[in-house]
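Asks: Contents of start-v1.tsv (TSV, C-alpha atoms) are below:
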```tsv
chain	number	residue	atom	x	y	z
A	1	MET	CA	-28.85	-1.99	3.04
A	2	THR	CA	-29.03	-0.95	-0.62
A	3	VAL	CA	-29.67	2.65	0.37
A	4	TRP	CA	-26.86	2.64	2.95
A	5	LEU	CA	-24.27	1.16	0.60
A	6	THR	CA	-25.24	3.59	-2.15
A	7	PHE	CA	-24.78	6.49	0.25
A	8	MET	CA	-21.40	5.13	1.35
A	9	ALA	CA	-20.32	4.86	-2.29
A	10	MET	CA	-21.37	8.49	-2.72
A	11	GLY	CA	-19.32	9.37	0.36
A	12	VAL	CA	-16.23	7.86	-1.24
A	13	LEU	CA	-16.92	9.82	-4.43
A	14	VAL	CA	-17.29	13.03	-2.40
A	15	SER	CA	-13.88	12.42	-0.81
A	16	LEU	CA	-12.40	11.78	-4.26
A	17	ALA	CA	-13.93	15.02	-5.54
A	18	GLY	CA	-12.44	16.90	-2.60
A	19	ALA	CA	-9.02	15.42	-3.18
A	20	LEU	CA	-9.22	16.31	-6.87
A	21	VAL	CA	-9.11	19.98	-5.84
A	22	ARG	CA	-5.52	19.33	-4.75
A	23	VAL	CA	-4.77	17.53	-8.01
A	24	TRP	CA	-6.15	20.55	-9.86
A	25	ARG	CA	-4.26	23.16	-7.82
A	26	GLY	CA	-1.03	21.21	-7.51
A	27	PRO	CA	1.42	22.88	-7.06
A	28	GLY	CA	3.96	20.11	-7.61
A	29	ARG	CA	3.79	17.45	-10.28
A	30	ALA	CA	3.94	14.88	-7.49
A	31	ASP	CA	0.65	16.26	-6.12
A	32	ARG	CA	-0.94	15.56	-9.47
A	33	MET	CA	0.59	12.12	-9.83
A	34	THR	CA	-1.16	10.99	-6.69
A	35	GLY	CA	-4.41	11.58	-8.57
A	36	ALA	CA	-3.81	8.33	-10.43
A	37	GLN	CA	-3.41	6.38	-7.22
A	38	LEU	CA	-6.34	8.15	-5.61
A	39	ALA	CA	-8.74	7.39	-8.45
A	40	GLY	CA	-7.70	3.74	-8.30
A	41	THR	CA	-8.23	3.33	-4.55
A	42	SER	CA	-11.54	5.22	-4.59
A	43	GLY	CA	-12.76	3.26	-7.60
A	44	VAL	CA	-11.94	-0.02	-5.88
A	45	ALA	CA	-13.82	1.15	-2.77
A	46	VAL	CA	-16.91	2.11	-4.80
A	47	LEU	CA	-16.91	-1.22	-6.65
A	48	MET	CA	-16.62	-3.09	-3.35
A	49	LEU	CA	-19.52	-1.14	-1.87
A	50	LEU	CA	-21.68	-1.86	-4.91
A	51	ALA	CA	-20.90	-5.59	-4.98
A	52	PRO	CA	-23.80	-6.67	-2.69
A	53	ILE	CA	-26.19	-4.51	-4.76
A	54	GLU	CA	-25.05	-4.96	-8.32
A	55	GLY	CA	-23.71	-8.49	-8.08
A	56	TRP	CA	-20.39	-9.85	-6.90
A	57	ALA	CA	-18.89	-9.78	-10.37
A	58	THR	CA	-17.98	-6.14	-9.63
A	59	LEU	CA	-15.23	-7.56	-7.39
A	60	ASP	CA	-13.51	-8.97	-10.49
A	61	VAL	CA	-13.58	-5.46	-11.94
A	62	ALA	CA	-12.21	-4.11	-8.64
A	63	ALA	CA	-9.31	-6.57	-8.76
A	64	ILE	CA	-8.42	-5.47	-12.30
A	65	LEU	CA	-8.71	-1.81	-11.32
A	66	ALA	CA	-6.43	-2.36	-8.31
A	67	LEU	CA	-3.86	-3.97	-10.60
A	68	PHE	CA	-4.07	-1.32	-13.33
A	69	GLY	CA	-4.18	1.55	-10.85
A	70	ALA	CA	-0.82	0.44	-9.47
A	71	LEU	CA	0.66	0.09	-12.95
A	72	ALA	CA	-0.71	3.48	-14.02
A	73	ALA	CA	0.83	5.19	-10.99
A	74	VAL	CA	4.22	3.57	-11.62
A	75	GLY	CA	3.90	4.62	-15.27
A	76	PHE	CA	3.24	8.21	-14.27
A	77	VAL	CA	6.34	8.33	-12.09
A	78	LYS	CA	8.49	6.77	-14.77
A	79	ALA	CA	7.16	9.08	-17.47
A	80	LEU	CA	7.80	12.20	-15.40
A	81	SER	CA	11.26	11.24	-14.13
A	82	ALA	CA	14.03	12.82	-16.11
A	83	ASP	CA	15.92	9.54	-16.48
A	84	GLY	CA	12.83	7.35	-16.67
A	85	GLY	CA	13.88	5.66	-13.45
A	86	GLY	CA	11.19	3.81	-11.59
A	87	ASP	CA	13.09	1.41	-9.40
A	88	PRO	CA	12.76	2.50	-5.78
A	89	GLU	CA	16.00	0.72	-4.92
A	90	GLU	CA	18.00	2.54	-7.54
A	91	GLU	CA	20.65	4.67	-5.90
A	92	ASP	CA	20.44	8.41	-6.00
A	93	GLY	CA	23.77	9.97	-6.83
A	94	ASP	CA	25.41	12.89	-5.07
A	95	PRO	CA	23.99	13.29	-1.61
A	96	VAL	CA	22.17	16.51	-0.83
A	97	PRO	CA	22.03	17.45	2.86
A	98	LEU	CA	18.58	16.86	4.22
A	99	ALA	CA	18.81	18.07	7.76
A	100	GLY	CA	16.55	20.83	8.90
A	101	ASP	CA	14.47	21.37	5.78
A	102	ARG	CA	10.73	21.23	6.02
A	103	ASN	CA	9.42	22.93	2.92
A	104	ASP	CA	8.04	21.50	-0.31
B	105	MET	CA	19.63	-28.90	-1.61
B	106	GLN	CA	17.47	-30.64	-4.19
B	107	GLY	CA	14.83	-31.36	-1.58
B	108	PHE	CA	14.82	-27.70	-0.73
B	109	ALA	CA	14.36	-26.69	-4.37
B	110	PHE	CA	11.48	-29.15	-4.73
B	111	ARG	CA	9.72	-27.78	-1.68
B	112	HIS	CA	10.31	-24.28	-3.01
B	113	LEU	CA	8.61	-25.23	-6.30
B	114	LEU	CA	5.71	-26.90	-4.47
B	115	GLY	CA	5.26	-23.75	-2.42
B	116	ARG	CA	4.96	-21.62	-5.56
B	117	ILE	CA	2.49	-24.04	-7.15
B	118	ALA	CA	0.35	-24.07	-4.00
B	119	PHE	CA	0.38	-20.27	-3.69
B	120	LEU	CA	-0.41	-19.53	-7.35
B	121	GLY	CA	-2.96	-22.35	-7.48
B	122	ALA	CA	-4.78	-20.93	-4.45
B	123	LEU	CA	-4.69	-17.51	-6.10
B	124	TRP	CA	-6.27	-18.97	-9.24
B	125	VAL	CA	-9.09	-20.61	-7.28
B	126	VAL	CA	-9.82	-17.35	-5.45
B	127	LEU	CA	-9.87	-15.41	-8.71
B	128	SER	CA	-11.97	-17.78	-10.79
B	129	GLY	CA	-13.84	-20.18	-8.52
B	130	LEU	CA	-14.17	-23.95	-8.39
B	131	GLU	CA	-16.29	-24.63	-11.50
B	132	PRO	CA	-14.83	-27.42	-13.67
B	133	LYS	CA	-14.33	-25.01	-16.59
B	134	ALA	CA	-12.37	-22.59	-14.42
B	135	LEU	CA	-10.20	-25.41	-13.06
B	136	ALA	CA	-9.54	-26.63	-16.60
B	137	VAL	CA	-8.19	-23.24	-17.62
B	138	GLY	CA	-6.21	-23.24	-14.38
B	139	THR	CA	-4.31	-26.36	-15.39
B	140	VAL	CA	-2.72	-24.21	-18.10
B	141	ALA	CA	-2.65	-20.85	-16.31
B	142	VAL	CA	-1.08	-22.01	-13.05
B	143	PRO	CA	1.94	-23.80	-14.60
B	144	ALA	CA	2.46	-20.80	-16.87
B	145	ALA	CA	2.40	-18.48	-13.84
B	146	VAL	CA	4.83	-20.74	-11.95
B	147	TRP	CA	7.21	-20.72	-14.93
B	148	LEU	CA	6.97	-16.92	-15.17
B	149	SER	CA	7.55	-16.48	-11.44
B	150	LEU	CA	10.65	-18.69	-11.64
B	151	ARG	CA	11.95	-16.62	-14.55
B	152	LEU	CA	11.29	-13.26	-12.92
B	153	LEU	CA	12.17	-14.18	-9.32
B	154	PRO	CA	14.51	-17.14	-9.47
B	155	GLY	CA	16.36	-16.28	-6.28
B	156	PRO	CA	17.53	-19.01	-3.94
B	157	ARG	CA	16.42	-16.77	-1.09
B	158	HIS	CA	12.96	-17.69	-0.02
B	159	LEU	CA	10.37	-15.81	1.88
B	160	ALA	CA	9.66	-17.46	5.19
B	161	VAL	CA	5.90	-17.45	4.76
B	162	TRP	CA	5.00	-18.33	8.30
B	163	ARG	CA	7.27	-15.60	9.64
B	164	ALA	CA	5.54	-13.13	7.34
B	165	LEU	CA	2.16	-14.37	8.55
B	166	ARG	CA	3.28	-14.11	12.15
B	167	HIS	CA	4.24	-10.50	11.56
B	168	LEU	CA	0.87	-9.75	9.93
B	169	PRO	CA	-1.16	-8.92	13.09
B	170	ALA	CA	1.51	-6.51	14.32
B	171	PHE	CA	1.61	-4.85	10.89
B	172	LEU	CA	-2.18	-4.57	10.68
B	173	GLY	CA	-2.27	-3.08	14.17
B	174	ALA	CA	0.44	-0.58	13.29
B	175	SER	CA	-1.26	0.44	10.05
B	176	LEU	CA	-4.50	0.93	12.00
B	177	LEU	CA	-2.63	3.26	14.36
B	178	GLY	CA	-1.04	4.96	11.34
B	179	GLY	CA	-4.42	5.70	9.79
B	180	LEU	CA	-5.90	6.89	13.09
B	181	ASP	CA	-2.90	9.14	13.74
B	182	VAL	CA	-2.97	10.79	10.33
B	183	ALA	CA	-6.79	11.16	10.42
B	184	ARG	CA	-6.55	12.82	13.83
B	185	ARG	CA	-3.92	15.27	12.60
B	186	ALA	CA	-5.89	16.02	9.43
B	187	LEU	CA	-9.18	16.67	11.22
B	188	SER	CA	-7.80	18.55	14.21
B	189	PRO	CA	-8.31	22.31	13.81
B	190	ARG	CA	-4.75	23.01	15.04
B	191	MET	CA	-3.34	20.41	12.60
B	192	PRO	CA	-0.37	19.34	14.76
B	193	LEU	CA	2.48	18.63	12.32
B	194	ALA	CA	6.24	18.91	12.67
B	195	PRO	CA	7.54	17.39	9.43
B	196	GLY	CA	11.19	16.46	9.13
B	197	TRP	CA	13.60	13.86	7.79
B	198	VAL	CA	15.79	11.07	9.10
B	199	GLU	CA	18.32	8.98	7.20
B	200	VAL	CA	18.56	5.40	8.34
B	201	PRO	CA	21.29	2.97	7.28
B	202	VAL	CA	19.69	-0.32	6.21
B	203	HIS	CA	21.41	-3.64	5.68
B	204	LEU	CA	18.75	-5.52	3.76
B	205	PRO	CA	19.25	-7.39	0.48
B	206	ASP	CA	17.59	-6.29	-2.78
B	207	GLY	CA	13.84	-6.29	-2.44
B	208	GLY	CA	14.09	-5.99	1.31
B	209	ARG	CA	14.57	-2.26	1.28
B	210	VAL	CA	11.55	-1.60	-0.89
B	211	ALA	CA	9.47	-3.94	1.30
B	212	LEU	CA	10.65	-2.07	4.39
B	213	GLY	CA	9.86	1.25	2.71
B	214	ALA	CA	6.39	0.08	1.72
B	215	GLU	CA	5.69	-1.16	5.22
B	216	LEU	CA	6.97	2.01	6.87
B	217	SER	CA	4.84	4.11	4.53
B	218	LEU	CA	1.72	2.48	5.96
B	219	MET	CA	2.82	2.70	9.58
B	220	PRO	CA	2.38	5.73	11.86
B	221	GLY	CA	4.23	8.87	10.84
B	222	THR	CA	6.89	7.41	8.52
B	223	LEU	CA	7.17	7.64	4.72
B	224	ALA	CA	10.05	6.24	2.67
B	225	ALA	CA	11.43	8.43	-0.14
B	226	GLY	CA	14.14	6.27	-1.72
B	227	THR	CA	17.70	5.51	-0.72
B	228	ARG	CA	20.97	7.38	-0.86
B	229	ASN	CA	24.30	5.65	-0.27
B	230	ASP	CA	22.61	2.66	1.36
B	231	ARG	CA	20.65	4.91	3.67
B	232	LEU	CA	16.89	4.92	3.60
B	233	LEU	CA	15.40	8.43	3.49
B	234	ILE	CA	12.40	8.62	5.80
B	235	HIS	CA	10.00	11.52	6.04
B	236	LEU	CA	8.49	11.99	9.50
B	237	LEU	CA	5.11	13.58	10.05
B	238	ASP	CA	6.11	14.70	13.52
B	239	VAL	CA	9.79	14.79	14.53
B	240	ASN	CA	8.85	14.88	18.21
B	241	ALA	CA	6.63	11.81	18.30
B	242	GLY	CA	9.35	9.15	18.15
B	243	PHE	CA	7.93	7.53	14.98
B	244	GLU	CA	11.46	6.57	13.87
B	245	ASP	CA	11.82	4.15	16.79
B	246	ALA	CA	9.83	1.59	14.81
B	247	ILE	CA	12.33	1.50	11.94
B	248	PRO	CA	15.02	-0.85	13.36
B	249	ARG	CA	12.28	-3.14	14.67
B	250	GLU	CA	10.66	-3.41	11.25
B	251	GLU	CA	14.04	-3.91	9.59
B	252	ALA	CA	14.73	-6.87	11.86
B	253	ALA	CA	11.28	-8.32	11.14
B	254	ILE	CA	11.78	-8.07	7.37
B	255	ALA	CA	15.31	-9.49	7.56
B	256	ALA	CA	13.87	-12.46	9.44
B	257	MET	CA	11.26	-12.98	6.70
B	258	ILE	CA	13.86	-13.05	3.95
B	259	ASP	CA	16.56	-15.14	5.56
B	260	GLY	CA	14.41	-17.33	7.73
B	261	GLU	CA	16.68	-16.50	10.62
B	262	PRO	CA	16.32	-13.87	13.31
B	263	ALA	CA	18.46	-10.89	12.31
B	264	PRO	CA	20.73	-9.09	14.74
B	265	ARG	CA	19.08	-5.96	16.04
B	266	GLU	CA	20.73	-2.88	14.71
B	267	GLY	CA	20.06	0.69	15.69
B	268	GLY	CA	19.22	3.43	13.18
C	269	MET	CA	-26.28	-8.54	13.27
C	270	THR	CA	-24.26	-8.91	10.08
C	271	ASP	CA	-26.08	-5.88	8.69
C	272	LEU	CA	-25.05	-3.88	11.74
C	273	ALA	CA	-21.41	-4.87	11.23
C	274	THR	CA	-21.64	-3.79	7.58
C	275	HIS	CA	-23.08	-0.43	8.60
C	276	VAL	CA	-20.40	0.19	11.21
C	277	PHE	CA	-17.38	-0.90	9.16
C	278	THR	CA	-18.34	0.70	5.84
C	279	GLY	CA	-19.21	3.88	7.74
C	280	LEU	CA	-15.78	3.87	9.40
C	281	GLY	CA	-14.15	3.22	6.04
C	282	VAL	CA	-15.80	6.22	4.42
C	283	LEU	CA	-14.81	8.39	7.39
C	284	PHE	CA	-11.17	7.44	6.82
C	285	PHE	CA	-11.48	8.24	3.10
C	286	LEU	CA	-12.87	11.67	4.00
C	287	ALA	CA	-10.12	12.24	6.60
C	288	GLY	CA	-7.50	11.27	4.03
C	289	SER	CA	-8.87	13.80	1.56
C	290	VAL	CA	-8.99	16.51	4.23
C	291	GLY	CA	-5.36	15.83	5.06
C	292	PHE	CA	-4.47	15.79	1.37
C	293	LEU	CA	-6.01	19.27	1.05
C	294	ARG	CA	-4.76	20.79	4.30
C	295	PHE	CA	-1.26	19.42	4.86
C	296	PRO	CA	1.47	21.92	4.01
C	297	ASP	CA	3.86	19.91	1.82
C	298	ILE	CA	3.74	17.03	-0.63
C	299	PHE	CA	5.40	14.55	1.73
C	300	SER	CA	2.93	15.14	4.54
C	301	ARG	CA	0.12	14.90	2.00
C	302	LEU	CA	1.40	11.51	0.88
C	303	HIS	CA	1.23	10.33	4.50
C	304	ALA	CA	-2.44	11.31	4.64
C	305	LEU	CA	-3.32	9.68	1.36
C	306	THR	CA	-1.55	6.34	1.77
C	307	LYS	CA	-2.34	5.63	5.39
C	308	ALA	CA	-5.90	6.92	5.67
C	309	ASP	CA	-7.18	5.68	2.30
C	310	ASN	CA	-5.79	2.19	2.71
C	311	LEU	CA	-7.22	1.85	6.20
C	312	GLY	CA	-10.53	3.14	4.84
C	313	LEU	CA	-10.46	0.54	2.07
C	314	GLY	CA	-9.69	-2.16	4.63
C	315	PHE	CA	-12.73	-1.21	6.70
C	316	ILE	CA	-14.94	-1.10	3.60
C	317	ALA	CA	-13.72	-4.56	2.53
C	318	LEU	CA	-14.41	-5.86	6.04
C	319	GLY	CA	-17.88	-4.33	6.08
C	320	VAL	CA	-18.79	-5.69	2.65
C	321	ALA	CA	-17.42	-9.13	3.64
C	322	PHE	CA	-20.29	-9.42	6.14
C	323	GLN	CA	-22.68	-9.40	3.16
C	324	ALA	CA	-20.75	-12.05	1.21
C	325	GLY	CA	-22.42	-15.33	0.36
C	326	SER	CA	-19.34	-17.49	-0.18
C	327	TRP	CA	-15.74	-17.88	1.03
C	328	ARG	CA	-14.48	-16.94	-2.42
C	329	GLN	CA	-16.02	-13.47	-2.20
C	330	VAL	CA	-14.39	-12.92	1.19
C	331	ALA	CA	-11.04	-14.15	-0.10
C	332	LEU	CA	-11.32	-11.92	-3.16
C	333	LEU	CA	-12.06	-8.89	-0.96
C	334	ALA	CA	-8.97	-9.68	1.13
C	335	LEU	CA	-6.86	-10.23	-2.00
C	336	ILE	CA	-7.91	-6.91	-3.54
C	337	TRP	CA	-7.13	-5.06	-0.31
C	338	ALA	CA	-3.73	-6.73	-0.08
C	339	LEU	CA	-3.03	-5.77	-3.71
C	340	VAL	CA	-3.98	-2.13	-3.12
C	341	LEU	CA	-1.92	-2.06	0.08
C	342	LEU	CA	1.13	-3.41	-1.72
C	343	ALA	CA	0.67	-0.97	-4.58
C	344	ALA	CA	0.13	2.02	-2.29
C	345	GLY	CA	3.24	1.26	-0.25
C	346	THR	CA	5.36	1.03	-3.39
C	347	VAL	CA	3.81	3.94	-5.27
C	348	SER	CA	4.03	6.35	-2.33
C	349	GLN	CA	7.76	5.63	-2.12
C	350	LEU	CA	8.18	6.33	-5.84
C	351	VAL	CA	6.20	9.55	-5.74
C	352	ALA	CA	8.00	10.74	-2.59
C	353	ARG	CA	11.37	10.05	-4.19
C	354	HIS	CA	10.32	11.89	-7.34
C	355	ALA	CA	9.10	14.86	-5.28
C	356	LEU	CA	12.40	14.95	-3.39
C	357	ARG	CA	14.39	14.98	-6.62
C	358	GLU	CA	12.16	17.67	-8.07
C	359	ARG	CA	12.63	19.80	-4.97
C	360	ASP	CA	16.38	19.36	-5.07
C	361	GLY	CA	16.33	20.33	-8.74
C	362	ARG	CA	17.45	17.04	-10.23
```
Please express the file's structure as structure tokens.
Replies:
Amino acid sequence: MTVWLTFMAMGVLVSLAGALVRVWRGPGRADRMTGAQLAGTSGVAVLMLLAPIEGWATLDVAAILALFGALAAVGFVKALSADGGGDPEEEDGDPVPLAGDRND
Amino acid sequence: MQGFAFRHLLGRIAFLGALWVVLSGLEPKALAVGTVAVPAAVWLSLRLLPGPRHLAVWRALRHLPAFLGASLLGGLDVARRALSPRMPLAPGWVEVPVHLPDGGRVALGAELSLMPGTLAAGTRNDRLLIHLLDVNAGFEDAIPREEAAIAAMIDGEPAPREGG
Amino acid sequence: MTDLATHVFTGLGVLFFLAGSVGFLRFPDIFSRLHALTKADNLGLGFIALGVAFQAGSWRQVALLALIWALVLLAAGTVSQLVARHALRERDGR
């Protein structure tokens, strides 16, 4: 079981490494912002997988990481928004037509 | 009304107390700290979220299996599209008018973002902007259903079904 | 038996993490990429939590696993909305 869980943790790290290529290349700032969320989720997954091996106290660390990962991601969005807005319910002003566009 | 407020307070104490026990265990020392931490958390929750509206917990719980099933389908769908060599995508947008109170819209957006093919991207003029992974797959049909479910959780009453 | 469940569920979880990363790399625009990341990674984390729960020795460990997953789910749903809205504003030049 120890070997299996270690390999699974490595699998999660491999997927994180792959996703970091996108964070590196971008192109948008939003692509890079997701790096914060990604590192949080992957870190939580690794800590969960190591809990039966290293001791269940790693779950406490995972809980803190889940909490801080969320706050970090919100912080990123707020820091990069021109008006510092972070409230998803805040109204956007003048409507821009959306229909038919599928680019980035 | 006072009886309602009392039950509301008891509900918060029970929820935050259970959270404390899960986080720190049942040792006497942990419980001792909890006698300070839990009332402080209840006070803070009343300051930050005083609203008279209450979440109908059992309705939320009743909706949980459907949500978990839908998020399972959402993950399977997106994994299939990502791993398929053809990568079948037809991204597009829909704007959906929503009639939920504050907090409801962001809950709906969060839920839709975990369900198959839909992703919320804020609101404009009381209309929720939803990105669709595939405009031909009918993912947007789930939106009015989820809106009704969330409205029922907030008000404790079944909401009228409204089309998007 | 419990070991088998752990193998199956953690294996599934890692597969979803990998699929999410593949989608994040391949999908053509930021919004589609956010779909891949939020949905696949959170499902993957759910399977990993479920798999690890079969190794747990007490109810508190199981409850903590569920709590952490719920927290990440809540955060991911909120954060993906924020990032998508930011990307939309950036694209529209505001």
Asks: Just give me the gap between atom CA of C:Arg359 and atom CA of A:Arg22 in Å, one decimal is fine.
Replies: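 Distance reported for this atom pair: 18.2 Å.
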Asks: Please measure the separation of atom CA of B:Asp230 and atom CA of B:Val202, giving the value in Å to one decimal.
Replies: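 Answer for the atom CA of B:Asp230 to atom CA of B:Val202 separation: 6.4 Å.
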Asks: Just want the 8 Å neighbourhood of stretch 313-317 of chain C, counted on all atoms listed in the file, with same-chain residues fewer than 3 positions away dropped. Output as a PyMOL selection string.
Replies: (chain A and resi 41+45+48-49) or (chain C and resi 277-282+285+309-310+320-321+333-334+337)
Asks: When distances are computed from only C-alpha atoms, which of C:Asp360, C:Ser326, C:Ser348, C:Asp271 shows the smallest separation from C:Arg301?
Replies: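 The closest residue to C:Arg301 is C:Ser348.
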Asks: Could you pull out every residue with an atom within 10 Å of (-7.4, 21.1, -3.7), file coordinates, counting all atoms listed in the file, and send them as a list in words?
Replies: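 So the residues meeting the distance criterion are Ala17, Gly18, Ala19, Leu20, Val21, Arg22, Val23, Trp24, Arg25, Gly26, Pro27 and Asp31 of chain A; Ser289, Val290, Phe292, Leu293 and Arg294 of chain C.
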Asks: With a cut-off of 6 Å and counting all atoms listed in the file, select all residues of chain C in contact with chain B and give the selection as a PyMOL selection string.
Replies: chain C and resi 287+291+304+307-308+311+328+345-346+349+352-353
Asks: Any idea what's packed within 8 Å of C:Ala273, counting all atoms listed in the file, ignoring anything in its chain fewer than 4 positions away? Could you give it as a JSON list (two decimals) with C-alpha atoms, in the coordinates of the input?
Replies:
```json
[["chain", "number", "residue", "atom", "x", "y", "z"],
["C", 269, "MET", "CA", -26.28, -8.54, 13.27],
["C", 277, "PHE", "CA", -17.38, -0.90, 9.16],
["C", 319, "GLY", "CA", -17.88, -4.33, 6.08],
["C", 322, "PHE", "CA", -20.29, -9.42, 6.14]]
```
Asks: Check the smallest atom-to-atom distance from each of C:Asp297, C:Thr306, C:Ala331, C:Gly325 to chain A using all atoms listed in the file, then report the winner.
Replies: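 Ranked by minimum distance to chain A, first place goes to C:Asp297.
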Asks: Which is closest to chain B among A:Leu5, A:Gly69, A:Gly28, A:Ala62, if we use all atoms listed in the file?
Replies: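 Answer, going by the shortest atom-to-atom distance: A:Ala62.
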Asks: Can you measure atom CA of B:Gly208 to atom CA of B:Ile258 for me? One decimal in Å is fine.
Replies: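 Atom-to-atom, atom CA of B:Gly208 and atom CA of B:Ile258 are spaced 7.5 Å apart.
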Asks: Counting all atoms listed in the file, what is within 8 Å of A:Leu13, bar same-chain residues fewer than 4 positions away, as a list in words?
Replies: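 So the residues in contact are Ala9, Ala17, Ser42 and Val46 of chain A.
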Asks: Could you list the residues in chain A lying within 6 Å of chain C, using only C-alpha atoms, and format the result as a list in words?
Replies: Val12, Ser15, Ala19, Arg22, Ala30, Ala45, Ala63, Ala66, Ala70, Pro88 and Asp104 of chain A
Asks: Kindly export the residues of the current selection with C-alpha atoms, as a PDB file, in the frame of the given file.
Replies:
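Written file, out.pdb:
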```pdb
ATOM      1  CA  VAL A  12     -16.230   7.860  -1.240  1.00  0.00           C
ATOM      2  CA  SER A  15     -13.880  12.420  -0.810  1.00  0.00           C
ATOM      3  CA  ALA A  19      -9.020  15.420  -3.180  1.00  0.00           C
ATOM      4  CA  ARG A  22      -5.520  19.330  -4.750  1.00  0.00           C
ATOM      5  CA  ALA A  30       3.940  14.880  -7.490  1.00  0.00           C
ATOM      6  CA  ALA A  45     -13.820   1.150  -2.770  1.00  0.00           C
ATOM      7  CA  ALA A  63      -9.310  -6.570  -8.760  1.00  0.00           C
ATOM      8  CA  ALA A  66      -6.430  -2.360  -8.310  1.00  0.00           C
ATOM      9  CA  ALA A  70      -0.820   0.440  -9.470  1.00  0.00           C
ATOM     10  CA  PRO A  88      12.760   2.500  -5.780  1.00  0.00           C
ATOM     11  CA  ASP A 104       8.040  21.500  -0.310  1.00  0.00           C
TER      12      ASP A 104
END
```
Asks: Restricting the calculation to only C-alpha atoms: of A:Ala39, A:Ala57, A:Met1, A:Val14, which residue gets closest to chain B?
Replies: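 Using only C-alpha atoms, chain B sits closest to A:Ala57.
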